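Taking it in order: structure first as structure tokens, then the write-up.
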Amino acid sequence: MIHSEAVVQAARRLAAARKAVVLTGAGVSTESGIPDFRSAQGLWSRYDPAEYATLSAFLRQPAKVWNMLAELEDLLDARPNAGHAALARLEAEGGIAGIVTQNVDGLHQAAGSRTVIEFHGHNRSFTCVRCRRGFDRAAVRGMPSVPGTRMPRPDPCPEGTPTRCLLKPDVVFFDEGIPPEAVAASAGLVSGADLMLVIGTSCEVYPAADLPRQVRAQGGALIEINLDPAADLHPDLLVQGRFGEVVPALVDAWARLKA
Ligand code: OAD
């Protein structure tokens with residue numbers, strides 16, 4: 001078990017907070033086997049986001065983008081790790097009001113977290129960019145692939161159009177807006193928060209990276225839990241370490257203080 005002074009300090013701040021919230025990024029899923037984006041082994045070391053993570057690139061070369069999407073589909077059996085479980089416990093015991101996550105993998109919910117705002121969408125469903133029809137994952141998994149690619153080949157679009165559906169997961173690409181309901185829900189969650197745990201994110205992507213700034217602007221404090229500290233966050237407290245080790249230790253320490 002971790003007994004670092006930083007974890008004890010974090011637990012004290014958490015125990016004293018009136019309203020604590022959490023922002024997570026890809027670093028909370030690496031211990032579940034899903035790569036992050038900007039670490040040395042991250043997804044963007046192998047795929048240029050300008051070519052693989054924009055809607056315009058997808059519309060130009062969907063089969064190319066589906067090479068990356070299919071690699072991520074292969075990770076769907078990923079299970080929550082000890083850090084996800086500890087955050088679910090922390091919420092159930094009243095220590096946090098909820099989580100805003102930039103992740104699309106659903107692992108917080110799988111671990112039992114209830115208030116989870118998916119800022120960048122999720123990978124549970126797909127939408128045809130041509131006719132806007134929605135497809136769930138099971139339907140897409142059952143589809144054949146376009147020959148020579150890993151892109152699913154659904155039926156033609158309905159309503160007599162000559163096109164075939166072109167499926168995109170319901171995740172937010174770089175040149176797309178944040179789902180309005182996620183913007184509204186996160187504003188509500190963060191409003192009044194006097195503490196934010198910022199976990200496993202480089203805080204390089206906006207507007208998600210504005211959320212810690214909002215907490216600070218309203219007089220709140222930031223605790224960062226990260227392997228590599230975010231360049232521009234300047235937290236009140238940094239706990240450098242692994243999500244799956246630090247957060248369970250933090251929640252144990254918090255629970256002892258609350259007992
Ligand atoms: P990044 O890859 O930018 O940052 C991940 C952070 O997690 C880094 O600071 C790592 O050091 C840290 N990390 C990795 N493993 C960790 C572990 N086991 N414990 C603790 N920290 C760990 O990922 P995000 O900040 O989430 O957006 O990226 C933000 C957005 O950029 C993503 O949502 C995605 C991407 O482009 C879209 O696709 C729209």
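Residue numbers start at 1 in each chain; chains themselves are named A, B, ... in the order of the structure tokens; ligands are numbered from 1 in the order shown.
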Enumerate, in order of chain and increasing residue number, the residues of stretch 61-84 of chain A with an atom no farther than 10 Å from stretch 237-256 of chain A, each with its shortest atom pair and distance in Å to one decimal, counting only C-alpha atoms, as a tab-separated table.
```
residue	atom	partner	partner_atom	distance
A:Pro80	CA	A:Gly244	CA	9.7
A:Asn81	CA	A:Gly244	CA	6.3
A:Ala82	CA	A:Gly244	CA	5.0
A:Gly83	CA	A:Gly244	CA	4.1
A:His84	CA	A:Gly244	CA	7.6
```
Inset, instruction - Could you give me the residues within 6 Å of ligand 1, counting only C-alpha atoms and all ligand atoms, as number ranges by chain? - result: A: 25-28, 30-31, 36-39, 102-103, 120, 172-174, 200-203, 205, 226-230, 241-243
Legend entry - Two-atom distance - atom CA of A:Pro49, atom CA of A:Arg141 (Å):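 We find that atom CA of A:Pro49 and atom CA of A:Arg141 lie 24.7 Å from each other.
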Legend entry - Distance in Å - atom CA of A:His234 versus atom CA of A:Glu176: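 We find that atom CA of A:His234 and atom CA of A:Glu176 lie 28.0 Å from each other.
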Inset, instruction - Quick one: everything within 8 Å of A:Val22, counting only C-alpha atoms, minus sequence neighbours fewer than 6 positions away in the same chain. Send it as a PyMOL selection string. - result: chain A and resi 96+98-100+196-199
Legend entry - helix (DSSP H, G or I) residues, from DSSP on the backbone, in stretch 142-186 of chain A, as a list in words: Pro180, Glu181, Ala182, Val183, Ala184, Ala185 and Ser186 of chain A
Legend entry - Residue contacts of A:Cys131 (8 Å, only C-alpha atoms) excluding same-chain residues fewer than 4 positions away, as a list in words: Cys157, Pro158 and Cys165 of chain A
Legend entry - Near-stretch 55-69 of chain A list (6 Å; only C-alpha atoms; drop same-chain fewer than 3 positions) as number ranges by chain: A: 51-52, 72, 151, 173
